[in-house]
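S.K.: Please see the structure below; I have some questions.
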Amino acid sequence: MGIETYGKAKLEWLEKFLEIPNGIPSHDTFGRVLSQLEPEELNHSFLNRPLQQTNLW
């Protein structure tokens, strides 16, 4: 429930970057989406993204 709580607390700030016409999704929705991600691919993306953005890769 932490991600949903955070999203609701930061909704005004998040709306500067995202269109959120139906509000913050429930923690169940986040759970369903995150469960579809491949852990190794997600790990690889998170580790390599900062390197790509700083041209160190």
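So you can find residues: chains in the structure tokens are A, B, ... in the order shown, residues in each start at 1, and ligands are numbered from 1 in order.
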Using DSSP secondary structure from the backbone, list all alpha helix (DSSP H) positions within chain A, as a PDB file with N, CA and C atoms, in the first residue's frame.
M.R.:
```
ATOM      1  N   GLY A   2       2.138   1.126   0.225  1.00  0.00           N
ATOM      2  CA  GLY A   2       3.017   2.269   0.296  1.00  0.00           C
ATOM      3  C   GLY A   2       3.065   3.078  -0.986  1.00  0.00           C
ATOM      4  N   ILE A   3       3.091   2.408  -2.131  1.00  0.00           N
ATOM      5  CA  ILE A   3       3.194   3.127  -3.397  1.00  0.00           C
ATOM      6  C   ILE A   3       1.915   3.924  -3.673  1.00  0.00           C
ATOM      7  N   GLU A   4       0.774   3.372  -3.315  1.00  0.00           N
ATOM      8  CA  GLU A   4      -0.493   4.089  -3.493  1.00  0.00           C
ATOM      9  C   GLU A   4      -0.568   5.290  -2.549  1.00  0.00           C
ATOM     10  N   THR A   5      -0.164   5.097  -1.317  1.00  0.00           N
ATOM     11  CA  THR A   5      -0.158   6.179  -0.333  1.00  0.00           C
ATOM     12  C   THR A   5       0.770   7.300  -0.771  1.00  0.00           C
ATOM     13  N   TYR A   6       1.946   6.933  -1.241  1.00  0.00           N
ATOM     14  CA  TYR A   6       2.907   7.917  -1.732  1.00  0.00           C
ATOM     15  C   TYR A   6       2.312   8.690  -2.913  1.00  0.00           C
ATOM     16  N   GLY A   7       1.727   7.963  -3.844  1.00  0.00           N
ATOM     17  CA  GLY A   7       1.139   8.598  -5.018  1.00  0.00           C
ATOM     18  C   GLY A   7       0.053   9.593  -4.656  1.00  0.00           C
ATOM     19  N   LYS A   8      -0.782   9.229  -3.708  1.00  0.00           N
ATOM     20  CA  LYS A   8      -1.847  10.139  -3.280  1.00  0.00           C
ATOM     21  C   LYS A   8      -1.272  11.369  -2.582  1.00  0.00           C
ATOM     22  N   ALA A   9      -0.232  11.167  -1.809  1.00  0.00           N
ATOM     23  CA  ALA A   9       0.398  12.288  -1.100  1.00  0.00           C
ATOM     24  C   ALA A   9       1.111  13.235  -2.073  1.00  0.00           C
ATOM     25  N   LEU A  11       0.303  13.577  -5.424  1.00  0.00           N
ATOM     26  CA  LEU A  11      -0.491  13.669  -6.651  1.00  0.00           C
ATOM     27  C   LEU A  11      -0.279  14.987  -7.380  1.00  0.00           C
ATOM     28  N   GLU A  12      -0.326  16.088  -6.680  1.00  0.00           N
ATOM     29  CA  GLU A  12      -0.154  17.393  -7.331  1.00  0.00           C
ATOM     30  C   GLU A  12       1.202  17.478  -8.039  1.00  0.00           C
ATOM     31  N   TRP A  13       2.250  17.007  -7.401  1.00  0.00           N
ATOM     32  CA  TRP A  13       3.587  17.027  -7.996  1.00  0.00           C
ATOM     33  C   TRP A  13       3.658  16.076  -9.193  1.00  0.00           C
ATOM     34  N   LEU A  14       3.104  14.858  -9.052  1.00  0.00           N
ATOM     35  CA  LEU A  14       3.138  13.880 -10.135  1.00  0.00           C
ATOM     36  C   LEU A  14       2.398  14.373 -11.371  1.00  0.00           C
ATOM     37  N   HIS A  27      -3.261  -0.089  -4.845  1.00  0.00           N
ATOM     38  CA  HIS A  27      -2.092  -0.954  -4.641  1.00  0.00           C
ATOM     39  C   HIS A  27      -2.290  -2.287  -5.350  1.00  0.00           C
ATOM     40  N   ASP A  28      -3.538  -2.730  -5.511  1.00  0.00           N
ATOM     41  CA  ASP A  28      -3.799  -3.967  -6.250  1.00  0.00           C
ATOM     42  C   ASP A  28      -3.404  -3.820  -7.721  1.00  0.00           C
ATOM     43  N   THR A  29      -3.698  -2.668  -8.304  1.00  0.00           N
ATOM     44  CA  THR A  29      -3.339  -2.415  -9.698  1.00  0.00           C
ATOM     45  C   THR A  29      -1.825  -2.389  -9.851  1.00  0.00           C
ATOM     46  N   PHE A  30      -1.152  -1.665  -8.950  1.00  0.00           N
ATOM     47  CA  PHE A  30       0.318  -1.662  -8.996  1.00  0.00           C
ATOM     48  C   PHE A  30       0.857  -3.079  -8.875  1.00  0.00           C
ATOM     49  N   GLY A  31       0.275  -3.865  -7.991  1.00  0.00           N
ATOM     50  CA  GLY A  31       0.722  -5.247  -7.800  1.00  0.00           C
ATOM     51  C   GLY A  31       0.577  -6.072  -9.059  1.00  0.00           C
ATOM     52  N   ARG A  32      -0.570  -5.929  -9.738  1.00  0.00           N
ATOM     53  CA  ARG A  32      -0.788  -6.688 -10.977  1.00  0.00           C
ATOM     54  C   ARG A  32       0.211  -6.278 -12.054  1.00  0.00           C
ATOM     55  N   VAL A  33       0.445  -4.981 -12.186  1.00  0.00           N
ATOM     56  CA  VAL A  33       1.386  -4.503 -13.210  1.00  0.00           C
ATOM     57  C   VAL A  33       2.806  -4.968 -12.896  1.00  0.00           C
ATOM     58  N   LEU A  34       3.236  -4.752 -11.667  1.00  0.00           N
ATOM     59  CA  LEU A  34       4.603  -5.119 -11.291  1.00  0.00           C
ATOM     60  C   LEU A  34       4.838  -6.624 -11.357  1.00  0.00           C
ATOM     61  N   SER A  35       3.795  -7.410 -11.128  1.00  0.00           N
ATOM     62  CA  SER A  35       3.958  -8.869 -11.186  1.00  0.00           C
ATOM     63  C   SER A  35       4.213  -9.366 -12.609  1.00  0.00           C
ATOM     64  N   PRO A  39      11.906  -9.819 -13.415  1.00  0.00           N
ATOM     65  CA  PRO A  39      12.841  -9.255 -12.441  1.00  0.00           C
ATOM     66  C   PRO A  39      14.236  -8.973 -12.993  1.00  0.00           C
ATOM     67  N   GLU A  40      14.784  -9.868 -13.789  1.00  0.00           N
ATOM     68  CA  GLU A  40      16.128  -9.655 -14.335  1.00  0.00           C
ATOM     69  C   GLU A  40      16.164  -8.482 -15.306  1.00  0.00           C
ATOM     70  N   GLU A  41      15.139  -8.354 -16.133  1.00  0.00           N
ATOM     71  CA  GLU A  41      15.073  -7.235 -17.071  1.00  0.00           C
ATOM     72  C   GLU A  41      14.924  -5.915 -16.330  1.00  0.00           C
ATOM     73  N   LEU A  42      14.087  -5.897 -15.305  1.00  0.00           N
ATOM     74  CA  LEU A  42      13.892  -4.692 -14.509  1.00  0.00           C
ATOM     75  C   LEU A  42      15.188  -4.305 -13.805  1.00  0.00           C
ATOM     76  N   ASN A  43      15.858  -5.278 -13.230  1.00  0.00           N
ATOM     77  CA  ASN A  43      17.132  -5.045 -12.559  1.00  0.00           C
ATOM     78  C   ASN A  43      18.157  -4.468 -13.538  1.00  0.00           C
ATOM     79  N   HIS A  44      18.243  -5.064 -14.702  1.00  0.00           N
ATOM     80  CA  HIS A  44      19.172  -4.594 -15.736  1.00  0.00           C
ATOM     81  C   HIS A  44      18.861  -3.149 -16.130  1.00  0.00           C
ATOM     82  N   SER A  45      17.588  -2.856 -16.313  1.00  0.00           N
ATOM     83  CA  SER A  45      17.180  -1.503 -16.699  1.00  0.00           C
ATOM     84  C   SER A  45      17.531  -0.484 -15.629  1.00  0.00           C
ATOM     85  N   PHE A  46      17.254  -0.799 -14.387  1.00  0.00           N
ATOM     86  CA  PHE A  46      17.541   0.135 -13.304  1.00  0.00           C
ATOM     87  C   PHE A  46      19.033   0.359 -13.131  1.00  0.00           C
ATOM     88  N   LEU A  47      19.814  -0.673 -13.307  1.00  0.00           N
ATOM     89  CA  LEU A  47      21.259  -0.533 -13.129  1.00  0.00           C
ATOM     90  C   LEU A  47      21.913   0.207 -14.285  1.00  0.00           C
ATOM     91  N   ASN A  48      21.414   0.018 -15.494  1.00  0.00           N
ATOM     92  CA  ASN A  48      22.059   0.596 -16.671  1.00  0.00           C
ATOM     93  C   ASN A  48      21.530   1.962 -17.064  1.00  0.00           C
ATOM     94  N   ARG A  49      20.345   2.313 -16.676  1.00  0.00           N
ATOM     95  CA  ARG A  49      19.760   3.592 -17.087  1.00  0.00           C
ATOM     96  C   ARG A  49      20.601   4.795 -16.648  1.00  0.00           C
ATOM     97  N   PRO A  50      21.034   4.889 -15.396  1.00  0.00           N
ATOM     98  CA  PRO A  50      21.858   6.049 -15.012  1.00  0.00           C
ATOM     99  C   PRO A  50      23.164   6.122 -15.809  1.00  0.00           C
ATOM    100  N   LEU A  51      23.736   4.979 -16.114  1.00  0.00           N
ATOM    101  CA  LEU A  51      24.972   4.966 -16.892  1.00  0.00           C
ATOM    102  C   LEU A  51      24.738   5.478 -18.305  1.00  0.00           C
ATOM    103  N   GLN A  52      23.618   5.108 -18.897  1.00  0.00           N
ATOM    104  CA  GLN A  52      23.301   5.563 -20.244  1.00  0.00           C
ATOM    105  C   GLN A  52      23.048   7.057 -20.269  1.00  0.00           C
ATOM    106  N   GLN A  53      22.416   7.581 -19.243  1.00  0.00           N
ATOM    107  CA  GLN A  53      22.099   9.003 -19.210  1.00  0.00           C
ATOM    108  C   GLN A  53      23.337   9.873 -18.982  1.00  0.00           C
TER     109      GLN A  53
END
```
